[in-house]
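Participant: Right, I'll just put the structure down here and ask away after.
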Amino acid sequence: MKNETCPFYIGASPGKNRSPEEYKEDGPLSAMTDVFALGNILYALVMKEQVWEGERTAIAQKKVSDGIFPSIPKEVVLSDAEKAVVHAMKMCHVLKVEDRSSAMEVEQYLRKKLVEFNVSTF
């Protein structure tokens, strides 16, 4: 058995919370698609709202396809823990799949931060 990714395809990708590759009709999707989705979840945890909330779907899709991802406004004051979550989000929100961090890399980064913050359990 080869150690290869089993790609999957989605015919149409509605909504505004998808990865860049999901808005392209010609490419397979992979676990890296889920990593991008993790970035959206991390954004929602910090901002307490869904990505692209209040943005028209077509505009949000175009932004994501062009590599423009949700960001935290500069005026938002973040704790050190929230800054770590935002950094992890940015590890996930990368346009090119081959440049995006893997789920394991994001996990390792967050585990390291938990140790730094002296958090042993959730």
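If you're wondering about the labels, chains in the structure tokens are A, B, ... by order shown, residues count from 1 in each chain, ligands from 1 in order shown.
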Considering only C-alpha atoms, return as a ChimeraX atom specification whatever protein or nucleic-acid residues lie within 12 Å of Phe69 in chain A, sequence-local ones (same chain, fewer than 2 positions apart) excluded.

Facilitator: /A:16-20,36-37,39-40,43,51-52,59-67,71-72,89-95

Participant: I need the residues from that last selection saved to file as a PDB file, in the first residue's frame (with C-alpha atoms), if you can.

Facilitator:
```
ATOM      1  CA  LYS A  16     -17.938  31.927   2.039  1.00  0.00           C
ATOM      2  CA  ASN A  17     -16.003  29.793   4.499  1.00  0.00           C
ATOM      3  CA  ARG A  18     -14.144  27.572   2.051  1.00  0.00           C
ATOM      4  CA  SER A  19     -10.485  27.188   1.173  1.00  0.00           C
ATOM      5  CA  PRO A  20      -9.031  28.681  -2.018  1.00  0.00           C
ATOM      6  CA  PHE A  36      -7.549  25.921   6.063  1.00  0.00           C
ATOM      7  CA  ALA A  37     -10.937  25.276   7.705  1.00  0.00           C
ATOM      8  CA  GLY A  39      -7.910  28.599  10.425  1.00  0.00           C
ATOM      9  CA  ASN A  40     -11.528  29.713  10.034  1.00  0.00           C
ATOM     10  CA  TYR A  43     -10.628  33.108  13.654  1.00  0.00           C
ATOM     11  CA  VAL A  51     -15.244  34.499   8.894  1.00  0.00           C
ATOM     12  CA  TRP A  52     -16.537  37.050   6.403  1.00  0.00           C
ATOM     13  CA  ILE A  59     -16.949  39.116  -2.576  1.00  0.00           C
ATOM     14  CA  ALA A  60     -15.706  36.764   0.167  1.00  0.00           C
ATOM     15  CA  GLN A  61     -15.153  33.979  -2.369  1.00  0.00           C
ATOM     16  CA  LYS A  62     -13.177  36.321  -4.644  1.00  0.00           C
ATOM     17  CA  LYS A  63     -11.026  37.508  -1.744  1.00  0.00           C
ATOM     18  CA  VAL A  64     -10.201  33.955  -0.675  1.00  0.00           C
ATOM     19  CA  SER A  65      -9.482  32.912  -4.274  1.00  0.00           C
ATOM     20  CA  ASP A  66      -7.112  35.891  -4.548  1.00  0.00           C
ATOM     21  CA  GLY A  67      -5.317  35.012  -1.305  1.00  0.00           C
ATOM     22  CA  SER A  71      -7.533  39.255   9.601  1.00  0.00           C
ATOM     23  CA  ILE A  72      -7.787  40.570  13.107  1.00  0.00           C
ATOM     24  CA  MET A  89      -4.699  30.799  12.207  1.00  0.00           C
ATOM     25  CA  LYS A  90      -2.127  32.409   9.910  1.00  0.00           C
ATOM     26  CA  MET A  91      -0.336  29.051   9.636  1.00  0.00           C
ATOM     27  CA  CYS A  92      -3.609  27.683   8.239  1.00  0.00           C
ATOM     28  CA  HIS A  93      -4.631  30.616   6.039  1.00  0.00           C
ATOM     29  CA  VAL A  94      -2.066  30.231   3.271  1.00  0.00           C
ATOM     30  CA  LEU A  95      -3.033  30.392  -0.404  1.00  0.00           C
TER      31      LEU A  95
END
```

Participant: I'd like the interatomic distance between CA of Ser101 in chain A and CA of Met32 in chain A, to a tenth of an Å.

Facilitator: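 We find that CA of Ser101 in chain A and CA of Met32 in chain A lie 8.1 Å from each other.
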
Participant: Find, counting only C-alpha atoms, the residue in A:Leu38, A:Val119, A:Leu29, A:Val46 that gets nearest to Leu78 in chain A.

Facilitator: A:Val46
